[in-house]
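Chemist: Pasting upload05.cif below, which is mmCIF, N, CA and C atoms and all ligand atoms.
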data_structure
loop_
_atom_site.label_atom_id
_atom_site.label_comp_id
_atom_site.auth_asym_id
_atom_site.auth_seq_id
_atom_site.Cartn_x
_atom_site.Cartn_y
_atom_site.Cartn_z
N MET A 4 0.83 -1.21 0.00
CA MET A 4 0.00 0.00 0.00
C MET A 4 0.86 1.25 0.00
N ASN A 5 2.14 1.09 -0.29
CA ASN A 5 3.04 2.24 -0.37
C ASN A 5 3.77 2.18 -1.72
N SER A 6 3.03 2.39 -2.79
CA SER A 6 3.57 2.14 -4.12
C SER A 6 4.67 3.10 -4.51
N GLN A 7 4.76 4.23 -3.80
CA GLN A 7 5.82 5.18 -4.13
C GLN A 7 7.21 4.61 -3.86
N GLU A 8 7.26 3.47 -3.17
CA GLU A 8 8.55 2.83 -2.95
C GLU A 8 9.13 2.28 -4.25
N LEU A 9 8.34 2.28 -5.31
CA LEU A 9 8.89 1.96 -6.63
C LEU A 9 10.03 2.91 -6.97
N GLU A 10 9.92 4.14 -6.54
CA GLU A 10 10.98 5.13 -6.80
C GLU A 10 12.29 4.67 -6.17
N THR A 11 12.21 4.18 -4.93
CA THR A 11 13.41 3.70 -4.23
C THR A 11 14.01 2.53 -4.98
N ALA A 12 13.16 1.61 -5.38
CA ALA A 12 13.65 0.40 -6.06
C ALA A 12 14.33 0.75 -7.38
N VAL A 13 13.75 1.69 -8.12
CA VAL A 13 14.35 2.08 -9.40
C VAL A 13 15.67 2.81 -9.16
N ARG A 14 15.65 3.74 -8.19
CA ARG A 14 16.86 4.53 -7.91
C ARG A 14 18.01 3.63 -7.46
N LEU A 15 17.72 2.59 -6.68
CA LEU A 15 18.76 1.69 -6.18
C LEU A 15 19.07 0.57 -7.18
N LYS A 16 18.43 0.65 -8.35
CA LYS A 16 18.67 -0.33 -9.42
C LYS A 16 18.48 -1.77 -8.93
N LEU A 17 17.40 -1.99 -8.19
CA LEU A 17 17.13 -3.33 -7.68
C LEU A 17 16.58 -4.23 -8.78
N ASN A 18 16.76 -5.52 -8.58
CA ASN A 18 16.05 -6.51 -9.38
C ASN A 18 14.84 -6.93 -8.55
N LEU A 19 13.66 -6.48 -8.98
CA LEU A 19 12.47 -6.66 -8.15
C LEU A 19 11.26 -6.83 -9.06
N VAL A 20 10.46 -7.85 -8.76
CA VAL A 20 9.21 -8.04 -9.50
C VAL A 20 8.06 -7.90 -8.50
N VAL A 21 7.18 -6.94 -8.74
CA VAL A 21 6.06 -6.67 -7.85
C VAL A 21 4.78 -7.11 -8.54
N LEU A 22 3.96 -7.89 -7.83
CA LEU A 22 2.65 -8.29 -8.36
C LEU A 22 1.58 -7.41 -7.75
N VAL A 23 0.69 -6.90 -8.58
CA VAL A 23 -0.49 -6.20 -8.09
C VAL A 23 -1.71 -7.06 -8.41
N LEU A 24 -2.43 -7.47 -7.37
CA LEU A 24 -3.67 -8.22 -7.58
C LEU A 24 -4.79 -7.20 -7.77
N GLU A 25 -5.26 -7.08 -8.98
CA GLU A 25 -6.15 -5.98 -9.34
C GLU A 25 -7.62 -6.41 -9.25
N ASP A 26 -8.31 -5.89 -8.24
CA ASP A 26 -9.73 -6.23 -8.08
C ASP A 26 -10.60 -5.00 -7.85
N ARG A 27 -10.00 -3.84 -7.97
CA ARG A 27 -10.74 -2.58 -7.79
C ARG A 27 -11.48 -2.55 -6.45
N ALA A 28 -10.83 -3.07 -5.43
CA ALA A 28 -11.50 -3.17 -4.13
C ALA A 28 -10.49 -3.50 -3.03
N TYR A 29 -10.92 -3.33 -1.79
CA TYR A 29 -10.22 -3.93 -0.66
C TYR A 29 -10.77 -5.35 -0.53
N GLY A 30 -10.24 -6.24 -1.38
CA GLY A 30 -10.85 -7.55 -1.54
C GLY A 30 -10.77 -8.44 -0.31
N MET A 31 -9.59 -8.50 0.30
CA MET A 31 -9.47 -9.41 1.43
C MET A 31 -10.29 -8.91 2.62
N ILE A 32 -10.35 -7.59 2.76
CA ILE A 32 -11.15 -7.04 3.87
C ILE A 32 -12.63 -7.36 3.64
N ARG A 33 -13.07 -7.26 2.37
CA ARG A 33 -14.47 -7.62 2.07
C ARG A 33 -14.75 -9.06 2.46
N TRP A 34 -13.82 -9.93 2.07
CA TRP A 34 -13.99 -11.35 2.33
C TRP A 34 -14.03 -11.63 3.84
N LYS A 35 -13.10 -11.03 4.58
CA LYS A 35 -13.08 -11.26 6.03
C LYS A 35 -14.34 -10.72 6.69
N GLN A 36 -14.79 -9.53 6.22
CA GLN A 36 -16.00 -8.94 6.80
C GLN A 36 -17.21 -9.82 6.51
N GLU A 37 -17.27 -10.33 5.27
CA GLU A 37 -18.40 -11.19 4.91
C GLU A 37 -18.39 -12.46 5.76
N ALA A 38 -17.19 -13.02 5.94
CA ALA A 38 -17.07 -14.25 6.72
C ALA A 38 -17.52 -14.04 8.16
N ASP A 39 -17.35 -12.80 8.66
CA ASP A 39 -17.76 -12.50 10.04
C ASP A 39 -19.17 -11.93 10.11
N GLY A 40 -19.88 -11.92 8.97
CA GLY A 40 -21.28 -11.52 8.96
C GLY A 40 -21.52 -10.02 8.91
N PHE A 41 -20.49 -9.24 8.55
CA PHE A 41 -20.66 -7.79 8.46
C PHE A 41 -21.21 -7.39 7.09
N ALA A 42 -21.97 -6.32 7.04
CA ALA A 42 -22.48 -5.79 5.77
C ALA A 42 -21.32 -5.17 5.00
N GLU A 43 -21.46 -5.22 3.67
CA GLU A 43 -20.42 -4.64 2.82
C GLU A 43 -20.61 -3.13 2.74
N PHE A 44 -19.53 -2.40 2.94
CA PHE A 44 -19.63 -0.94 2.91
C PHE A 44 -18.30 -0.32 2.50
N GLY A 45 -18.32 0.50 1.45
CA GLY A 45 -17.17 1.34 1.10
C GLY A 45 -15.91 0.61 0.72
N LEU A 46 -16.04 -0.54 0.03
CA LEU A 46 -14.85 -1.35 -0.27
C LEU A 46 -14.47 -1.35 -1.75
N ASP A 47 -15.28 -0.72 -2.59
CA ASP A 47 -15.00 -0.71 -4.03
C ASP A 47 -14.35 0.60 -4.44
N PHE A 48 -13.36 0.50 -5.33
CA PHE A 48 -12.60 1.66 -5.78
C PHE A 48 -12.35 1.56 -7.28
N ASP A 49 -11.97 2.67 -7.87
CA ASP A 49 -11.39 2.63 -9.21
C ASP A 49 -9.89 2.45 -9.05
N ASN A 50 -9.29 1.81 -10.03
CA ASN A 50 -7.83 1.65 -10.02
C ASN A 50 -7.21 2.58 -11.04
N PRO A 51 -5.96 3.00 -10.79
CA PRO A 51 -5.23 3.71 -11.84
C PRO A 51 -4.78 2.71 -12.90
N ASP A 52 -4.23 3.23 -13.98
CA ASP A 52 -3.57 2.37 -14.98
C ASP A 52 -2.20 2.01 -14.38
N PHE A 53 -2.11 0.82 -13.77
CA PHE A 53 -0.90 0.47 -13.03
C PHE A 53 0.32 0.33 -13.94
N VAL A 54 0.09 -0.08 -15.19
CA VAL A 54 1.22 -0.21 -16.13
C VAL A 54 1.81 1.18 -16.41
N ALA A 55 0.94 2.15 -16.68
CA ALA A 55 1.41 3.52 -16.90
C ALA A 55 2.04 4.07 -15.62
N TYR A 56 1.46 3.70 -14.48
CA TYR A 56 1.98 4.15 -13.18
C TYR A 56 3.41 3.65 -12.97
N ALA A 57 3.64 2.36 -13.25
CA ALA A 57 4.99 1.80 -13.12
C ALA A 57 5.96 2.53 -14.04
N LYS A 58 5.52 2.77 -15.25
CA LYS A 58 6.41 3.43 -16.22
C LYS A 58 6.73 4.86 -15.79
N SER A 59 5.81 5.49 -15.10
CA SER A 59 6.06 6.87 -14.66
C SER A 59 7.21 6.93 -13.64
N TYR A 60 7.51 5.79 -13.02
CA TYR A 60 8.65 5.72 -12.09
C TYR A 60 9.92 5.25 -12.80
N GLY A 61 9.81 4.90 -14.08
CA GLY A 61 10.95 4.33 -14.79
C GLY A 61 11.05 2.83 -14.62
N ALA A 62 10.00 2.21 -14.07
CA ALA A 62 9.96 0.75 -13.97
C ALA A 62 9.29 0.19 -15.23
N LYS A 63 9.34 -1.14 -15.37
CA LYS A 63 8.64 -1.79 -16.46
C LYS A 63 7.26 -2.21 -15.96
N GLY A 64 6.27 -2.14 -16.83
CA GLY A 64 4.93 -2.54 -16.43
C GLY A 64 4.33 -3.51 -17.42
N ALA A 65 3.58 -4.49 -16.91
CA ALA A 65 2.88 -5.43 -17.78
C ALA A 65 1.58 -5.85 -17.11
N ARG A 66 0.60 -6.19 -17.92
CA ARG A 66 -0.68 -6.66 -17.39
C ARG A 66 -0.97 -8.01 -18.04
N VAL A 67 -1.22 -9.04 -17.23
CA VAL A 67 -1.45 -10.36 -17.81
C VAL A 67 -2.94 -10.54 -18.13
N GLY A 68 -3.21 -11.33 -19.17
CA GLY A 68 -4.58 -11.55 -19.59
C GLY A 68 -5.06 -12.96 -19.36
N SER A 69 -4.16 -13.84 -18.89
CA SER A 69 -4.56 -15.23 -18.65
C SER A 69 -3.61 -15.85 -17.65
N ALA A 70 -4.00 -16.99 -17.08
CA ALA A 70 -3.13 -17.68 -16.12
C ALA A 70 -1.82 -18.10 -16.78
N ALA A 71 -1.89 -18.56 -18.01
CA ALA A 71 -0.68 -19.00 -18.72
C ALA A 71 0.27 -17.82 -18.94
N GLU A 72 -0.30 -16.69 -19.24
CA GLU A 72 0.52 -15.49 -19.49
C GLU A 72 1.25 -15.03 -18.22
N LEU A 73 0.67 -15.34 -17.07
CA LEU A 73 1.33 -14.95 -15.81
C LEU A 73 2.71 -15.58 -15.74
N LYS A 74 2.78 -16.87 -16.05
CA LYS A 74 4.06 -17.59 -15.96
C LYS A 74 5.09 -16.99 -16.91
N THR A 75 4.73 -16.79 -18.16
CA THR A 75 5.70 -16.28 -19.13
C THR A 75 6.09 -14.84 -18.81
N THR A 76 5.14 -14.05 -18.31
CA THR A 76 5.44 -12.66 -17.96
C THR A 76 6.42 -12.59 -16.79
N LEU A 77 6.19 -13.45 -15.78
CA LEU A 77 7.10 -13.46 -14.63
C LEU A 77 8.49 -13.95 -15.03
N GLU A 78 8.54 -14.99 -15.83
CA GLU A 78 9.84 -15.51 -16.27
C GLU A 78 10.62 -14.44 -17.02
N ALA A 79 9.93 -13.73 -17.91
CA ALA A 79 10.60 -12.69 -18.70
C ALA A 79 11.08 -11.56 -17.80
N ALA A 80 10.29 -11.21 -16.79
CA ALA A 80 10.65 -10.12 -15.88
C ALA A 80 11.88 -10.49 -15.06
N PHE A 81 11.91 -11.72 -14.51
CA PHE A 81 13.07 -12.14 -13.73
C PHE A 81 14.32 -12.24 -14.60
N ARG A 82 14.13 -12.70 -15.83
CA ARG A 82 15.27 -12.84 -16.75
C ARG A 82 15.85 -11.48 -17.09
N GLU A 83 14.97 -10.51 -17.34
CA GLU A 83 15.42 -9.18 -17.77
C GLU A 83 16.10 -8.40 -16.64
N GLY A 84 15.65 -8.59 -15.41
CA GLY A 84 16.19 -7.81 -14.29
C GLY A 84 15.58 -6.42 -14.26
N GLY A 85 15.94 -5.65 -13.24
CA GLY A 85 15.36 -4.32 -13.06
C GLY A 85 14.05 -4.41 -12.29
N VAL A 86 13.32 -3.32 -12.25
CA VAL A 86 12.08 -3.25 -11.48
C VAL A 86 10.89 -3.45 -12.42
N HIS A 87 10.08 -4.44 -12.11
CA HIS A 87 8.89 -4.75 -12.91
C HIS A 87 7.65 -4.74 -12.03
N LEU A 88 6.59 -4.21 -12.55
CA LEU A 88 5.29 -4.31 -11.89
C LEU A 88 4.37 -5.10 -12.82
N VAL A 89 3.85 -6.19 -12.29
CA VAL A 89 2.99 -7.07 -13.10
C VAL A 89 1.58 -7.02 -12.52
N VAL A 90 0.64 -6.60 -13.34
CA VAL A 90 -0.75 -6.46 -12.90
C VAL A 90 -1.50 -7.74 -13.22
N VAL A 91 -2.14 -8.30 -12.19
CA VAL A 91 -2.86 -9.56 -12.34
C VAL A 91 -4.33 -9.34 -11.99
N PRO A 92 -5.21 -9.30 -12.98
CA PRO A 92 -6.64 -9.20 -12.65
C PRO A 92 -7.03 -10.43 -11.84
N ILE A 93 -7.76 -10.20 -10.76
CA ILE A 93 -8.08 -11.33 -9.87
C ILE A 93 -9.56 -11.28 -9.50
N ASP A 94 -10.11 -12.45 -9.32
CA ASP A 94 -11.52 -12.58 -8.99
C ASP A 94 -11.62 -13.28 -7.64
N TYR A 95 -12.02 -12.52 -6.63
CA TYR A 95 -12.10 -13.09 -5.28
C TYR A 95 -13.48 -13.70 -5.00
N SER A 96 -14.35 -13.75 -6.03
CA SER A 96 -15.74 -14.12 -5.76
C SER A 96 -15.90 -15.57 -5.30
N GLU A 97 -14.86 -16.40 -5.52
CA GLU A 97 -14.95 -17.80 -5.08
C GLU A 97 -14.42 -17.99 -3.66
N ASN A 98 -13.88 -16.92 -3.06
CA ASN A 98 -13.23 -17.08 -1.76
C ASN A 98 -14.13 -17.69 -0.70
N MET A 99 -15.35 -17.17 -0.60
CA MET A 99 -16.24 -17.67 0.45
C MET A 99 -16.52 -19.16 0.23
N ARG A 100 -16.81 -19.53 -1.03
CA ARG A 100 -17.17 -20.92 -1.32
C ARG A 100 -15.98 -21.85 -1.03
N VAL A 101 -14.79 -21.46 -1.52
CA VAL A 101 -13.64 -22.37 -1.44
C VAL A 101 -12.97 -22.33 -0.07
N LEU A 102 -12.75 -21.11 0.44
CA LEU A 102 -11.88 -20.97 1.61
C LEU A 102 -12.64 -20.84 2.93
N VAL A 103 -13.94 -20.62 2.86
CA VAL A 103 -14.72 -20.54 4.10
C VAL A 103 -15.65 -21.75 4.20
N HIS A 104 -16.56 -21.87 3.22
CA HIS A 104 -17.53 -22.98 3.30
C HIS A 104 -16.90 -24.32 2.93
N GLY A 105 -15.87 -24.30 2.05
CA GLY A 105 -15.28 -25.53 1.53
C GLY A 105 -14.27 -26.17 2.44
N LEU A 106 -13.77 -25.45 3.43
CA LEU A 106 -12.75 -26.01 4.32
C LEU A 106 -13.39 -26.46 5.62
N PRO A 107 -12.98 -27.61 6.14
CA PRO A 107 -13.50 -28.02 7.44
C PRO A 107 -13.02 -27.06 8.51
N SER A 108 -13.87 -26.71 9.46
CA SER A 108 -13.45 -25.78 10.51
C SER A 108 -12.52 -26.52 11.49
N ALA A 109 -11.61 -25.76 12.06
CA ALA A 109 -10.58 -26.36 12.93
C ALA A 109 -11.18 -26.84 14.23
C1 LIG B 201 -0.35 1.92 4.49
C2 LIG B 201 -1.44 0.98 4.94
N1 LIG B 201 -2.68 1.47 5.17
C3 LIG B 201 -3.67 0.62 5.56
C4 LIG B 201 -3.44 -0.71 5.71
C5 LIG B 201 -4.54 -1.65 6.19
N2 LIG B 201 -4.89 -2.58 5.12
C6 LIG B 201 -4.44 -3.85 5.08
S1 LIG B 201 -5.00 -4.71 3.75
C7 LIG B 201 -5.90 -3.36 3.21
C8 LIG B 201 -6.64 -3.43 1.94
C9 LIG B 201 -5.73 -3.78 0.81
O1 LIG B 201 -6.42 -3.77 -0.41
P1 LIG B 201 -5.68 -4.23 -1.71
O2 LIG B 201 -4.26 -3.75 -1.71
O3 LIG B 201 -6.55 -3.86 -2.86
O4 LIG B 201 -5.58 -5.82 -1.53
P2 LIG B 201 -6.73 -6.93 -1.71
O5 LIG B 201 -7.19 -7.29 -0.34
O6 LIG B 201 -7.85 -6.36 -2.56
O7 LIG B 201 -6.02 -8.08 -2.39
C10 LIG B 201 -5.76 -2.27 4.09
C11 LIG B 201 -6.43 -0.96 3.93
C12 LIG B 201 -2.12 -1.16 5.45
N3 LIG B 201 -1.79 -2.46 5.56
N4 LIG B 201 -1.15 -0.30 5.07
MG MG B 202 -7.64 -4.97 -4.07
#
Spit out the file's structure as structure tokens when you get a sec.
Ligand SMILES: Cc1ncc(C[n+]2csc(CCOP(=O)(O)OP(=O)(O)O)c2C)c(N)n1
Ligand SMILES: [Mg+2]

Modeler:
Amino acid sequence: MNSQELETAVRLKLNLVVLVLEDRAYGMIRWKQEADGFAEFGLDFDNPDFVAYAKSYGAKGARVGSAAELKTTLEAAFREGGVHLVVVPIDYSENMRVLVHGLPSA
């Protein structure tokens, strides 16, 4: 939640790959609140163009369009070196079914 640290990473010439899970929301907080029976409130947001945002810092930016593309994009980023931001559209809508209702309680 402190994306301006991209500046530090670029300035120090780090080899760093950052993943952004893009859901236009505070997704995990929504999921936890729902699991605890709270009403949903104020959790949806618009996102910036993260690829353009990364480039504005002098980092490389990419957005994946499929699960298969994630692997090739990450491999290329690690191979190339430098600072990369990889945007991954994510769908948390299965969380309740899989991770709450689908798991036996401890
Ligand atoms: C600087 C800062 N402010 C607030 C928080 C509290 N916080 C933890 S997770 C979260 C929501 C994160 O949303 P997002 O980055 O979109 O991740 P998602 O849960 O959607 O995957 C917040 C506000 C924090 N960790 N750091
Ligand atoms: Mg989010």

Chemist: Report, in Å to a single decimal, how far apart atom CA of Val103 of chain A and atom CA of Glu43 of chain A are.

Modeler: 16.9 Å

Chemist: Within 7 Å of Val86 of chain A, counting all atoms listed in the file, which residues show up once you throw out same-chain ones fewer than 5 positions away? Write them as a list in words, please.

Modeler: Ala12, Val13, Lys16, Leu17, Asn18, Leu19, Val20, Val21, Gly61, Ala62, Lys63 and Gly64 of chain A

Chemist: Might you pull out every residue within 6 Å of Tyr29 of chain A, with all atoms listed in the file counted and same-chain residues fewer than 6 positions away left off, and present them as a PyMOL selection string?

Modeler: chain A and resi 46-48

Chemist: Would you mind listing the residues within 6.5 Å of ligand MG 202 (chain B), counting all atoms listed in the file, as a list of chain:residue names?

Modeler: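 Here is the list of contacting residues: A:Leu24, A:Glu25, A:Asp26, A:Arg27, A:Ala28, A:Tyr29, A:Gly30, A:Met31.
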
Chemist: Show which residues sit within 5 Å of Val89 of chain A, as a list in words. Count all atoms listed in the file, and ignore same-chain residues fewer than 4 positions away.

Modeler: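 Those residues are Val21, Leu22, Val23 and Ala65 of chain A.
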
Chemist: Go ahead and compute the interatomic distance for atom O4 of ligand LIG 201 (chain B) and atom N of Ile32 of chain A, in Å to one decimal.

Modeler: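 That distance, rounded to one decimal, is 6.7 Å.
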
Chemist: As a PyMOL selection string, please: every residue in chain A that DSSP puts in helix (DSSP H, G or I).

Modeler: chain A and resi 8-14+30-38+53-59+70-83+95-104

Chemist: What is the distance, in Å and to one decimal place, between atom N of Ala55 of chain A and atom CA of Glu97 of chain A?

Modeler: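 Atom CA of Glu97 of chain A lies 28.0 Å from atom N of Ala55 of chain A.
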
Chemist: Please identify the strand (DSSP E) residues within chain A (assignment by DSSP from backbone atoms) and present them as a PyMOL selection string.

Modeler: chain A and resi 19-25+63-66+86-92

Chemist: Find the residues near Ser69 of chain A: any atom within 8 Å, counting only N, CA and C atoms, skip ones fewer than 3 places away on the same chain, and give them as a PyMOL selection string.

Modeler: chain A and resi 66+72-74+91-92

Chemist: With only C-alpha atoms as the atoms that count, which of A:Ser108, A:Ser6, A:Asp39, A:Asn50 lies nearest to Leu88 of chain A?

Modeler: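 Counting only C-alpha atoms, the residue closest to Leu88 of chain A is A:Ser6.
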